[in-house]
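Data from protein.cif: mmCIF, C-alpha atoms
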```
data_upload
#
loop_
_atom_site.label_atom_id
_atom_site.label_comp_id
_atom_site.auth_asym_id
_atom_site.auth_seq_id
_atom_site.Cartn_x
_atom_site.Cartn_y
_atom_site.Cartn_z
CA MET A 1438 31.45 -5.43 244.73
CA GLU A 1439 27.91 -4.51 243.76
CA ILE A 1440 25.47 -7.20 242.65
CA GLN A 1441 22.00 -6.88 241.15
CA VAL A 1442 19.64 -9.77 240.48
CA LEU A 1443 16.35 -7.83 240.54
CA GLY A 1444 16.43 -7.33 236.79
CA PRO A 1445 19.31 -8.19 234.46
CA LEU A 1446 22.23 -9.85 236.25
CA SER A 1447 24.86 -7.29 237.14
CA ALA A 1448 28.03 -7.75 239.17
CA ALA A 1449 30.83 -5.22 239.19
CA VAL A 1450 34.08 -4.65 241.05
CA ASN A 1451 35.52 -1.13 240.95
CA GLY A 1452 33.02 -0.41 238.20
CA ASP A 1453 34.20 -3.29 236.00
CA SER A 1454 31.69 -6.02 235.16
CA ILE A 1455 32.58 -9.56 236.15
CA VAL A 1456 29.51 -11.15 234.51
CA PRO A 1457 30.58 -13.81 231.98
CA THR A 1458 28.93 -14.03 228.58
CA ALA A 1459 28.71 -17.84 228.59
CA GLY A 1460 25.39 -19.20 229.86
CA LYS A 1461 26.41 -21.75 232.49
CA PRO A 1462 28.99 -19.60 234.29
CA ARG A 1463 26.29 -16.89 234.43
CA GLN A 1464 24.00 -19.38 236.15
CA VAL A 1465 26.71 -20.16 238.70
CA LEU A 1466 27.30 -16.47 239.41
CA ALA A 1467 23.57 -15.76 239.64
CA LEU A 1468 23.03 -18.53 242.18
CA LEU A 1469 25.98 -17.39 244.29
CA ALA A 1470 24.72 -13.79 244.06
CA LEU A 1471 21.36 -14.76 245.55
CA TYR A 1472 23.12 -15.90 248.73
CA PRO A 1473 25.91 -13.42 249.57
CA SER A 1474 28.12 -14.61 252.43
CA ARG A 1475 26.39 -18.01 252.43
CA VAL A 1476 27.73 -21.31 251.17
CA VAL A 1477 25.99 -22.70 248.09
CA PRO A 1478 26.51 -26.49 248.05
CA VAL A 1479 28.20 -28.09 245.07
CA SER A 1480 25.15 -30.34 244.66
CA THR A 1481 22.88 -27.29 244.33
CA LEU A 1482 25.13 -25.70 241.73
CA MET A 1483 25.23 -28.95 239.76
CA GLU A 1484 21.46 -29.35 239.91
CA GLU A 1485 21.02 -25.83 238.57
CA ILE A 1486 23.36 -26.43 235.61
CA TRP A 1487 22.49 -30.01 234.66
CA GLY A 1488 19.32 -30.95 236.51
CA THR A 1489 19.21 -34.62 237.49
CA GLU A 1490 21.35 -35.86 234.59
CA LEU A 1491 24.90 -35.06 235.65
CA PRO A 1492 27.70 -35.71 233.17
CA GLN A 1493 30.69 -37.68 234.39
CA SER A 1494 32.78 -34.53 234.12
CA ALA A 1495 30.36 -32.46 236.24
CA MET A 1496 32.77 -31.73 239.09
CA THR A 1497 35.66 -30.84 236.80
CA THR A 1498 33.44 -28.64 234.65
CA LEU A 1499 32.01 -26.82 237.68
CA GLN A 1500 35.54 -26.14 238.92
CA THR A 1501 36.35 -24.69 235.50
CA TYR A 1502 33.39 -22.32 235.77
CA ILE A 1503 34.57 -21.22 239.23
CA MET A 1504 38.08 -20.61 237.83
CA GLN A 1505 36.59 -18.49 235.03
CA LEU A 1506 34.65 -16.39 237.52
CA ARG A 1507 37.76 -15.93 239.66
CA ARG A 1508 39.66 -14.82 236.55
CA TYR A 1509 37.06 -12.12 235.91
CA LEU A 1510 37.27 -11.12 239.57
CA GLY A 1511 41.05 -10.98 239.53
CA THR A 1512 41.11 -8.81 236.43
CA ALA A 1513 38.61 -6.36 237.93
CA MET A 1514 40.43 -6.25 241.28
CA GLY A 1515 43.75 -5.48 239.59
CA PRO A 1516 47.32 -6.69 240.04
CA GLY A 1517 47.60 -5.09 243.45
CA ALA A 1518 45.37 -7.76 245.00
CA PRO A 1519 47.06 -11.10 244.29
CA GLY A 1520 45.04 -14.11 245.41
CA ALA A 1521 42.14 -11.89 246.48
CA ALA A 1522 39.77 -13.46 243.96
CA LYS A 1523 39.93 -16.72 245.90
CA ASP A 1524 39.08 -14.83 249.06
CA VAL A 1525 36.02 -13.26 247.45
CA LEU A 1526 34.79 -16.34 245.60
CA ALA A 1527 35.81 -18.70 248.36
CA THR A 1528 35.89 -22.48 248.51
CA ARG A 1529 34.19 -23.87 251.59
CA HIS A 1530 33.50 -27.40 252.73
CA GLY A 1531 31.02 -28.82 250.26
CA GLY A 1532 30.49 -25.66 248.27
CA TYR A 1533 31.39 -22.11 247.29
CA MET A 1534 30.41 -18.67 248.52
CA LEU A 1535 30.71 -15.02 247.57
CA GLN A 1536 32.39 -13.61 250.64
CA ILE A 1537 31.03 -10.08 250.42
CA PRO A 1538 28.92 -7.88 252.70
CA PRO A 1539 25.28 -8.94 252.24
CA GLU A 1540 24.26 -5.32 251.65
CA SER A 1541 26.33 -5.40 248.44
CA ALA A 1542 23.49 -7.39 246.86
CA ASP A 1543 20.22 -5.72 245.92
CA VAL A 1544 18.23 -8.80 246.93
CA TYR A 1545 19.47 -8.49 250.54
CA THR A 1546 18.51 -4.80 250.70
CA TYR A 1547 15.15 -5.54 249.10
CA GLU A 1548 14.26 -8.24 251.63
CA ARG A 1549 15.40 -6.08 254.55
CA LEU A 1550 13.20 -3.18 253.42
CA VAL A 1551 10.22 -5.50 252.89
CA ALA A 1552 10.63 -6.88 256.42
CA GLU A 1553 10.82 -3.36 257.86
CA GLY A 1554 7.78 -2.33 255.87
CA GLN A 1555 5.78 -5.34 257.00
CA GLN A 1556 6.57 -4.66 260.64
CA ALA A 1557 5.51 -1.02 260.28
CA PHE A 1558 2.36 -2.14 258.43
CA GLU A 1559 1.39 -4.51 261.23
CA GLU A 1560 1.97 -1.75 263.80
CA GLY A 1561 -0.30 0.64 261.89
CA LYS A 1562 2.56 2.94 260.87
CA ASP A 1563 1.17 3.33 257.39
CA GLU A 1564 3.37 6.18 256.14
CA GLN A 1565 6.54 4.36 257.18
CA ALA A 1566 5.27 1.09 255.71
CA ALA A 1567 4.45 2.69 252.37
CA ARG A 1568 7.87 4.36 252.27
CA CYS A 1569 9.75 1.11 252.99
CA PHE A 1570 7.74 -0.81 250.41
CA ARG A 1571 8.37 1.89 247.79
CA GLN A 1572 12.10 1.85 248.48
CA ALA A 1573 12.14 -1.94 248.18
CA LEU A 1574 10.22 -1.92 244.90
CA SER A 1575 12.45 0.82 243.45
CA LEU A 1576 15.35 -1.67 243.45
CA TRP A 1577 13.69 -3.71 240.71
CA GLN A 1578 14.99 -3.03 237.19
CA GLY A 1579 12.82 -5.62 235.44
CA PRO A 1580 11.97 -9.32 235.92
CA ALA A 1581 14.49 -11.05 238.21
CA LEU A 1582 17.52 -12.45 236.36
CA VAL A 1583 15.81 -11.69 233.08
CA ASP A 1584 18.98 -12.30 231.05
CA VAL A 1585 20.04 -15.57 232.72
CA ARG A 1586 19.04 -19.06 231.60
CA LEU A 1587 17.08 -20.56 234.47
CA GLY A 1588 17.69 -24.12 235.60
CA PRO A 1589 15.54 -25.85 238.22
CA VAL A 1590 17.05 -24.05 241.23
CA LEU A 1591 17.06 -20.54 239.79
CA SER A 1592 13.52 -21.07 238.45
CA ILE A 1593 12.28 -21.63 242.00
CA GLU A 1594 14.21 -18.62 243.30
CA VAL A 1595 12.94 -16.32 240.56
CA THR A 1596 9.35 -17.45 241.15
CA ARG A 1597 9.78 -16.75 244.87
CA LEU A 1598 11.15 -13.28 244.19
CA GLU A 1599 8.41 -12.40 241.70
CA GLU A 1600 5.74 -13.57 244.16
CA SER A 1601 7.39 -11.46 246.86
CA ARG A 1602 7.40 -8.47 244.51
CA LEU A 1603 3.67 -8.80 243.83
CA MET A 1604 2.92 -9.23 247.54
CA THR A 1605 4.96 -6.12 248.33
CA ILE A 1606 3.04 -4.14 245.73
CA GLU A 1607 -0.21 -5.32 247.30
CA ARG A 1608 0.91 -4.40 250.83
CA ARG A 1609 2.11 -0.97 249.63
CA ILE A 1610 -1.30 -0.34 248.07
CA ASP A 1611 -2.96 -1.44 251.32
CA ALA A 1612 -0.91 1.17 253.19
CA ASP A 1613 -1.75 3.83 250.60
CA LEU A 1614 -5.46 3.01 250.84
CA ARG A 1615 -5.29 3.37 254.61
CA LEU A 1616 -3.69 6.79 254.04
CA GLY A 1617 -6.60 7.90 251.84
CA ARG A 1618 -4.74 7.83 248.52
CA HIS A 1619 -7.50 5.92 246.72
CA ALA A 1620 -7.83 8.29 243.74
CA GLU A 1621 -4.09 8.13 243.06
CA LEU A 1622 -4.19 4.32 242.91
CA ILE A 1623 -6.91 3.80 240.32
CA ALA A 1624 -4.67 3.85 237.21
CA GLU A 1625 -2.09 1.53 238.79
CA LEU A 1626 -4.75 -0.91 240.00
CA THR A 1627 -6.48 -0.92 236.62
CA ASP A 1628 -3.21 -2.05 235.06
CA LEU A 1629 -2.54 -4.61 237.80
CA ILE A 1630 -5.90 -6.36 237.57
CA ALA A 1631 -5.51 -6.54 233.78
CA ARG A 1632 -2.15 -8.26 234.29
CA HIS A 1633 -3.45 -10.51 237.10
CA PRO A 1634 -7.07 -11.24 236.14
CA GLN A 1635 -7.66 -13.80 238.91
CA HIS A 1636 -5.85 -12.04 241.79
CA GLU A 1637 -8.65 -11.35 244.26
CA GLY A 1638 -6.60 -9.16 246.58
CA LEU A 1639 -5.81 -6.68 243.80
CA HIS A 1640 -9.43 -6.72 242.65
CA ALA A 1641 -10.60 -5.93 246.19
CA GLN A 1642 -8.21 -2.99 246.30
CA ALA A 1643 -9.39 -1.74 242.90
CA MET A 1644 -13.01 -1.96 244.06
CA VAL A 1645 -12.31 0.00 247.23
CA ALA A 1646 -10.25 2.66 245.42
CA LEU A 1647 -13.00 3.19 242.86
CA TYR A 1648 -15.79 3.19 245.45
CA ARG A 1649 -14.05 5.76 247.64
CA SER A 1650 -13.48 7.91 244.55
CA GLY A 1651 -17.24 8.11 243.93
CA ARG A 1652 -17.27 5.45 241.23
CA GLN A 1653 -19.53 2.80 242.74
CA ALA A 1654 -20.71 1.48 239.34
CA SER A 1655 -17.11 0.97 238.19
CA ALA A 1656 -16.28 -0.79 241.46
CA LEU A 1657 -19.20 -3.18 241.01
CA ASP A 1658 -18.17 -3.76 237.38
CA VAL A 1659 -14.73 -4.91 238.56
CA TYR A 1660 -16.45 -7.54 240.69
CA ARG A 1661 -18.75 -8.60 237.87
CA LYS A 1662 -15.89 -9.13 235.43
CA LEU A 1663 -13.83 -11.08 237.98
CA ARG A 1664 -16.79 -13.30 238.89
CA THR A 1665 -17.56 -14.00 235.22
CA GLY A 1666 -13.94 -14.90 234.54
CA LEU A 1667 -13.64 -17.20 237.55
CA ILE A 1668 -16.84 -19.06 236.70
CA GLU A 1669 -15.99 -19.44 233.01
CA GLU A 1670 -12.33 -20.39 233.44
CA ILE A 1671 -12.17 -22.48 236.61
CA GLY A 1672 -15.80 -22.94 237.65
CA VAL A 1673 -15.69 -21.22 241.04
CA GLU A 1674 -17.33 -18.22 242.67
CA PRO A 1675 -15.25 -15.39 244.18
CA SER A 1676 -14.09 -15.92 247.75
CA PRO A 1677 -16.30 -15.05 250.74
CA GLN A 1678 -14.11 -11.99 251.37
CA LEU A 1679 -14.82 -10.58 247.93
CA GLN A 1680 -18.50 -11.48 248.11
CA ASN A 1681 -18.76 -9.67 251.45
CA LEU A 1682 -17.07 -6.62 249.96
CA HIS A 1683 -19.48 -6.69 247.02
CA GLN A 1684 -22.48 -6.88 249.35
CA ALA A 1685 -21.12 -4.01 251.45
CA MET A 1686 -20.93 -1.86 248.32
CA LEU A 1687 -24.46 -2.76 247.27
CA ALA A 1688 -25.65 -1.78 250.76
CA VAL A 1689 -23.56 1.43 250.73
CA ASP A 1690 -21.99 0.33 254.01
CA PRO A 1691 -20.47 3.42 255.73
CA GLU A 1692 -17.61 1.18 256.91
CA LEU A 1693 -16.30 1.28 253.33
CA ASP A 1694 -15.41 4.94 253.73
CA VAL A 1695 -13.25 4.36 256.79
CA VAL A 1696 -9.69 5.00 255.71
CA ALA A 1697 -7.82 3.33 258.57
CA GLY A 1698 -10.04 1.86 261.21
CA PRO A 1699 -9.04 -0.23 264.21
CA ARG A 1700 -8.59 -3.37 262.09
CA ARG A 1701 -5.10 -3.25 260.67
CA GLY A 1702 -5.27 -6.13 258.21
CA SER A 1703 -5.12 -6.02 254.44
CA THR A 1704 -7.94 -4.63 252.30
CA PHE A 1705 -8.84 -8.17 251.27
CA ASP A 1706 -8.85 -9.70 254.76
CA ARG A 1707 -10.92 -6.87 256.17
CA TYR A 1708 -13.93 -8.57 254.63
CA ALA A 1709 -13.19 -12.07 255.88
CA ALA A 1710 -16.26 -13.80 257.27
#
```
Take the structure in the file and write it out as structure tokens.
Amino acid sequence: MEIQVLGPLSAAVNGDSIVPTAGKPRQVLALLALYPSRVVPVSTLMEEIWGTELPQSAMTTLQTYIMQLRRYLGTAMGPGAPGAAKDVLATRHGGYMLQIPPESADVYTYERLVAEGQQAFEEGKDEQAARCFRQALSLWQGPALVDVRLGPVLSIEVTRLEESRLMTIERRIDADLRLGRHAELIAELTDLIARHPQHEGLHAQAMVALYRSGRQASALDVYRKLRTGLIEEIGVEPSPQLQNLHQAMLAVDPELDVVAGPRRGSTFDRYAA
């Protein structure tokens, strides 16, 4: 079985899709797919489908959804595997689980690559870190579970994954900046700060990339626009880190041209007070 949640929901056995068209069974499959080889409690599945207002028939209806998913599984697995659907979508005490190798799910591979990239990043192995982060990000085919109705549980999971994706992008750019790839990053960062107009980490990266590319005025303009937006929209000044970076640029601090100095933190934290 191969499962993808980093984009539209996809689950296939021997090349045949087992994703139901009905909304609630899709939610059940999506939640199980996020936790391969782990038990998802019945209470969690019910909360995802119905929230806090459970119908009297909740347990019976959930069992029906599980039966439907097993029927799809059985059809895809073929007549030569009788009863195997129950082994794959297994009943466990208090819940259900997809009993498949974790690496069958893209979310597992993504999180493993992110962890490997973060370790390499912290050890100053910038080329390896950038490579791991790129491989992790390449698994995304669009917003997580973009074609699944999100209940309260899946909403939290999707938010977590999207935050992780943005953080991974930021760490990958940090590694690329430390490798001297500032000019290559300008177009990507210009798009990112337009999409995330209050994200200070991305703005710091855009400022550094522009500055190192000989575009000091453009770098300072990024700061000016962010500061104006923060003051007008939420009434706050940029963080001390960003203010320190701005002052360093005004002073033409030679430290700004250091690609990968002894401090191995992020671009943003490098200018912490």
Report the residues retrieved by the PyMOL selection byres ((chain A and resi 1603) around 12) from the displayed file, expressed as a short mmCIF file (atom, residue, chain, number, x, y, z; two decimals) with C-alpha atoms, in the frame of the given file.
```cif
data_model
loop_
_atom_site.label_atom_id
_atom_site.label_comp_id
_atom_site.auth_asym_id
_atom_site.auth_seq_id
_atom_site.Cartn_x
_atom_site.Cartn_y
_atom_site.Cartn_z
CA VAL A 1551 10.22 -5.50 252.89
CA PHE A 1570 7.74 -0.81 250.41
CA ALA A 1573 12.14 -1.94 248.18
CA LEU A 1574 10.22 -1.92 244.90
CA TRP A 1577 13.69 -3.71 240.71
CA PRO A 1580 11.97 -9.32 235.92
CA THR A 1596 9.35 -17.45 241.15
CA ARG A 1597 9.78 -16.75 244.87
CA LEU A 1598 11.15 -13.28 244.19
CA GLU A 1599 8.41 -12.40 241.70
CA GLU A 1600 5.74 -13.57 244.16
CA SER A 1601 7.39 -11.46 246.86
CA ARG A 1602 7.40 -8.47 244.51
CA MET A 1604 2.92 -9.23 247.54
CA THR A 1605 4.96 -6.12 248.33
CA ILE A 1606 3.04 -4.14 245.73
CA GLU A 1607 -0.21 -5.32 247.30
CA ARG A 1608 0.91 -4.40 250.83
CA ARG A 1609 2.11 -0.97 249.63
CA ILE A 1610 -1.30 -0.34 248.07
CA LEU A 1629 -2.54 -4.61 237.80
CA ILE A 1630 -5.90 -6.36 237.57
CA ARG A 1632 -2.15 -8.26 234.29
CA HIS A 1633 -3.45 -10.51 237.10
CA HIS A 1636 -5.85 -12.04 241.79
CA GLY A 1638 -6.60 -9.16 246.58
CA LEU A 1639 -5.81 -6.68 243.80
#
```
Handout entry: Selected residue, from A:Met1534, A:Leu1679, A:Val1544, A:Ala1557, that lies nearest to Ala1581 of chain A when counting all atoms listed in the file
Key =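 Of A:Met1534, A:Leu1679, A:Val1544, A:Ala1557, the one nearest Ala1581 of chain A, counting all atoms listed in the file, is A:Val1544.
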Problem - Coordinates-based distance that separates atom CA of Asp1611 of chain A from atom CA of Glu1670 of chain A (Å, one decimal) - result: 27.7 Å
Practice task
Please provide as a count of residues only all residues within 10 Å of Ala1513 of chain A, with the sequence filter that same-chain residues fewer than 5 positions apart are discarded (counting only C-alpha atoms).
Solution key: 12
Practice task
Tell me which protein, DNA and RNA residues are within 6 Å of segment 1645-1661 of chain A, counting all atoms listed in the file, leaving out same-chain ones fewer than 2 positions away, and put them as an MDAnalysis selection string.
Solution key: chainID A and resid 1619:1620 1642:1643 1663:1664
Problem - For Arg1529 of chain A: contacts at 10 Å, all atoms listed in the file, fewer than 2 positions along chain excluded, given as a list in words - result: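 These residues fall inside the cut-off: Arg1475, Val1476, Val1477, Pro1478, Val1479, Leu1526, Ala1527, Gly1531, Gly1532, Tyr1533 and Met1534 of chain A.
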Practice task
Work out how far atom CA of Ser1474 of chain A is from atom CA of Ile1537 of chain A, in Å to one decimal.
Solution key: 5.7 Å
Handout entry: Computed interatomic separation between atom CA of Ala1685 of chain A and atom CA of Met1644 of chain A (Å)
Key = 11.2 Å
Practice task
List the neighbours of Ala1567 of chain A out to 7 Å using only C-alpha atoms; skip same-chain residues closer than 5 positions along the sequence, and give me the result as a list in words.
Solution key: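 Non-adjacent residues within range: Gly1554, Arg1609, Ala1612 and Asp1613 of chain A.
Ranking A:Arg1549, A:Glu1692, A:Gln1635, A:His1683 by their shortest atom-to-atom distance to Gly1666 of chain A, with only C-alpha atoms included, puts A:Gln1635 first.
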Problem - 9 Å contact set for Gly1588 of chain A, only C-alpha atoms, chain neighbours under 6 positions out, as a PyMOL selection string - result: chain A and resi 1464+1484-1488
Handout entry: Nearest-residue call for Thr1489 of chain A, choices A:Pro1589, A:Tyr1472, A:Ile1440, A:Met1504, using only C-alpha atoms
Key = A:Pro1589
Completion of segment 1648-1671 of chain A up to N, CA, C and O atoms, as a PDB file, in the coordinates of the input:
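Result file is selection.pdb:
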```pdb
ATOM      1  N   TYR A1648     -14.627   2.840 244.620  1.00  0.00           N
ATOM      2  CA  TYR A1648     -15.790   3.190 245.450  1.00  0.00           C
ATOM      3  C   TYR A1648     -15.529   4.478 246.224  1.00  0.00           C
ATOM      4  O   TYR A1648     -16.386   5.370 246.269  1.00  0.00           O
ATOM      5  N   ARG A1649     -14.360   4.573 246.834  1.00  0.00           N
ATOM      6  CA  ARG A1649     -14.050   5.760 247.640  1.00  0.00           C
ATOM      7  C   ARG A1649     -13.851   7.001 246.767  1.00  0.00           C
ATOM      8  O   ARG A1649     -13.843   8.117 247.282  1.00  0.00           O
ATOM      9  N   SER A1650     -13.640   6.776 245.472  1.00  0.00           N
ATOM     10  CA  SER A1650     -13.480   7.910 244.550  1.00  0.00           C
ATOM     11  C   SER A1650     -14.813   8.292 243.909  1.00  0.00           C
ATOM     12  O   SER A1650     -14.847   9.038 242.930  1.00  0.00           O
ATOM     13  N   GLY A1651     -15.919   7.772 244.447  1.00  0.00           N
ATOM     14  CA  GLY A1651     -17.240   8.110 243.930  1.00  0.00           C
ATOM     15  C   GLY A1651     -17.631   7.354 242.681  1.00  0.00           C
ATOM     16  O   GLY A1651     -18.518   7.798 241.942  1.00  0.00           O
ATOM     17  N   ARG A1652     -16.996   6.211 242.441  1.00  0.00           N
ATOM     18  CA  ARG A1652     -17.270   5.450 241.230  1.00  0.00           C
ATOM     19  C   ARG A1652     -17.804   4.059 241.602  1.00  0.00           C
ATOM     20  O   ARG A1652     -17.206   3.038 241.308  1.00  0.00           O
ATOM     21  N   GLN A1653     -18.948   4.052 242.256  1.00  0.00           N
ATOM     22  CA  GLN A1653     -19.530   2.800 242.740  1.00  0.00           C
ATOM     23  C   GLN A1653     -19.830   1.847 241.581  1.00  0.00           C
ATOM     24  O   GLN A1653     -19.557   0.647 241.682  1.00  0.00           O
ATOM     25  N   ALA A1654     -20.372   2.347 240.470  1.00  0.00           N
ATOM     26  CA  ALA A1654     -20.710   1.480 239.340  1.00  0.00           C
ATOM     27  C   ALA A1654     -19.452   0.796 238.787  1.00  0.00           C
ATOM     28  O   ALA A1654     -19.479  -0.399 238.457  1.00  0.00           O
ATOM     29  N   SER A1655     -18.361   1.548 238.686  1.00  0.00           N
ATOM     30  CA  SER A1655     -17.110   0.970 238.190  1.00  0.00           C
ATOM     31  C   SER A1655     -16.584  -0.084 239.150  1.00  0.00           C
ATOM     32  O   SER A1655     -16.050  -1.120 238.731  1.00  0.00           O
ATOM     33  N   ALA A1656     -16.726   0.171 240.459  1.00  0.00           N
ATOM     34  CA  ALA A1656     -16.280  -0.790 241.460  1.00  0.00           C
ATOM     35  C   ALA A1656     -17.055  -2.095 241.331  1.00  0.00           C
ATOM     36  O   ALA A1656     -16.487  -3.200 241.377  1.00  0.00           O
ATOM     37  N   LEU A1657     -18.372  -1.989 241.158  1.00  0.00           N
ATOM     38  CA  LEU A1657     -19.200  -3.180 241.010  1.00  0.00           C
ATOM     39  C   LEU A1657     -18.899  -3.904 239.700  1.00  0.00           C
ATOM     40  O   LEU A1657     -18.974  -5.138 239.630  1.00  0.00           O
ATOM     41  N   ASP A1658     -18.512  -3.149 238.674  1.00  0.00           N
ATOM     42  CA  ASP A1658     -18.170  -3.760 237.380  1.00  0.00           C
ATOM     43  C   ASP A1658     -16.894  -4.586 237.494  1.00  0.00           C
ATOM     44  O   ASP A1658     -16.758  -5.616 236.836  1.00  0.00           O
ATOM     45  N   VAL A1659     -15.956  -4.130 238.320  1.00  0.00           N
ATOM     46  CA  VAL A1659     -14.730  -4.910 238.560  1.00  0.00           C
ATOM     47  C   VAL A1659     -15.091  -6.276 239.137  1.00  0.00           C
ATOM     48  O   VAL A1659     -14.573  -7.315 238.716  1.00  0.00           O
ATOM     49  N   TYR A1660     -16.002  -6.277 240.089  1.00  0.00           N
ATOM     50  CA  TYR A1660     -16.450  -7.540 240.690  1.00  0.00           C
ATOM     51  C   TYR A1660     -17.136  -8.423 239.653  1.00  0.00           C
ATOM     52  O   TYR A1660     -16.874  -9.629 239.575  1.00  0.00           O
ATOM     53  N   ARG A1661     -18.011  -7.816 238.861  1.00  0.00           N
ATOM     54  CA  ARG A1661     -18.750  -8.600 237.870  1.00  0.00           C
ATOM     55  C   ARG A1661     -17.813  -9.289 236.877  1.00  0.00           C
ATOM     56  O   ARG A1661     -17.969 -10.474 236.579  1.00  0.00           O
ATOM     57  N   LYS A1662     -16.828  -8.557 236.399  1.00  0.00           N
ATOM     58  CA  LYS A1662     -15.890  -9.130 235.430  1.00  0.00           C
ATOM     59  C   LYS A1662     -15.051 -10.240 236.061  1.00  0.00           C
ATOM     60  O   LYS A1662     -14.792 -11.272 235.430  1.00  0.00           O
ATOM     61  N   LEU A1663     -14.605 -10.036 237.300  1.00  0.00           N
ATOM     62  CA  LEU A1663     -13.830 -11.080 237.980  1.00  0.00           C
ATOM     63  C   LEU A1663     -14.684 -12.328 238.170  1.00  0.00           C
ATOM     64  O   LEU A1663     -14.232 -13.446 237.892  1.00  0.00           O
ATOM     65  N   ARG A1664     -15.910 -12.147 238.649  1.00  0.00           N
ATOM     66  CA  ARG A1664     -16.790 -13.300 238.890  1.00  0.00           C
ATOM     67  C   ARG A1664     -17.050 -14.062 237.592  1.00  0.00           C
ATOM     68  O   ARG A1664     -16.966 -15.298 237.558  1.00  0.00           O
ATOM     69  N   THR A1665     -17.316 -13.350 236.510  1.00  0.00           N
ATOM     70  CA  THR A1665     -17.560 -14.000 235.220  1.00  0.00           C
ATOM     71  C   THR A1665     -16.334 -14.794 234.783  1.00  0.00           C
ATOM     72  O   THR A1665     -16.449 -15.948 234.349  1.00  0.00           O
ATOM     73  N   GLY A1666     -15.160 -14.208 234.933  1.00  0.00           N
ATOM     74  CA  GLY A1666     -13.940 -14.900 234.540  1.00  0.00           C
ATOM     75  C   GLY A1666     -13.669 -16.138 235.372  1.00  0.00           C
ATOM     76  O   GLY A1666     -13.285 -17.186 234.832  1.00  0.00           O
ATOM     77  N   LEU A1667     -13.874 -16.036 236.680  1.00  0.00           N
ATOM     78  CA  LEU A1667     -13.640 -17.200 237.550  1.00  0.00           C
ATOM     79  C   LEU A1667     -14.597 -18.335 237.222  1.00  0.00           C
ATOM     80  O   LEU A1667     -14.194 -19.510 237.171  1.00  0.00           O
ATOM     81  N   ILE A1668     -15.858 -18.018 237.008  1.00  0.00           N
ATOM     82  CA  ILE A1668     -16.840 -19.060 236.700  1.00  0.00           C
ATOM     83  C   ILE A1668     -16.542 -19.711 235.354  1.00  0.00           C
ATOM     84  O   ILE A1668     -16.564 -20.944 235.216  1.00  0.00           O
ATOM     85  N   GLU A1669     -16.217 -18.901 234.351  1.00  0.00           N
ATOM     86  CA  GLU A1669     -15.990 -19.440 233.010  1.00  0.00           C
ATOM     87  C   GLU A1669     -14.694 -20.227 232.908  1.00  0.00           C
ATOM     88  O   GLU A1669     -14.623 -21.243 232.207  1.00  0.00           O
ATOM     89  N   GLU A1670     -13.648 -19.782 233.620  1.00  0.00           N
ATOM     90  CA  GLU A1670     -12.330 -20.390 233.440  1.00  0.00           C
ATOM     91  C   GLU A1670     -12.061 -21.533 234.409  1.00  0.00           C
ATOM     92  O   GLU A1670     -11.439 -22.525 234.025  1.00  0.00           O
ATOM     93  N   ILE A1671     -12.477 -21.394 235.660  1.00  0.00           N
ATOM     94  CA  ILE A1671     -12.170 -22.480 236.610  1.00  0.00           C
ATOM     95  C   ILE A1671     -13.404 -22.969 237.375  1.00  0.00           C
ATOM     96  O   ILE A1671     -13.284 -23.841 238.236  1.00  0.00           O
TER      97      ILE A1671
END
```
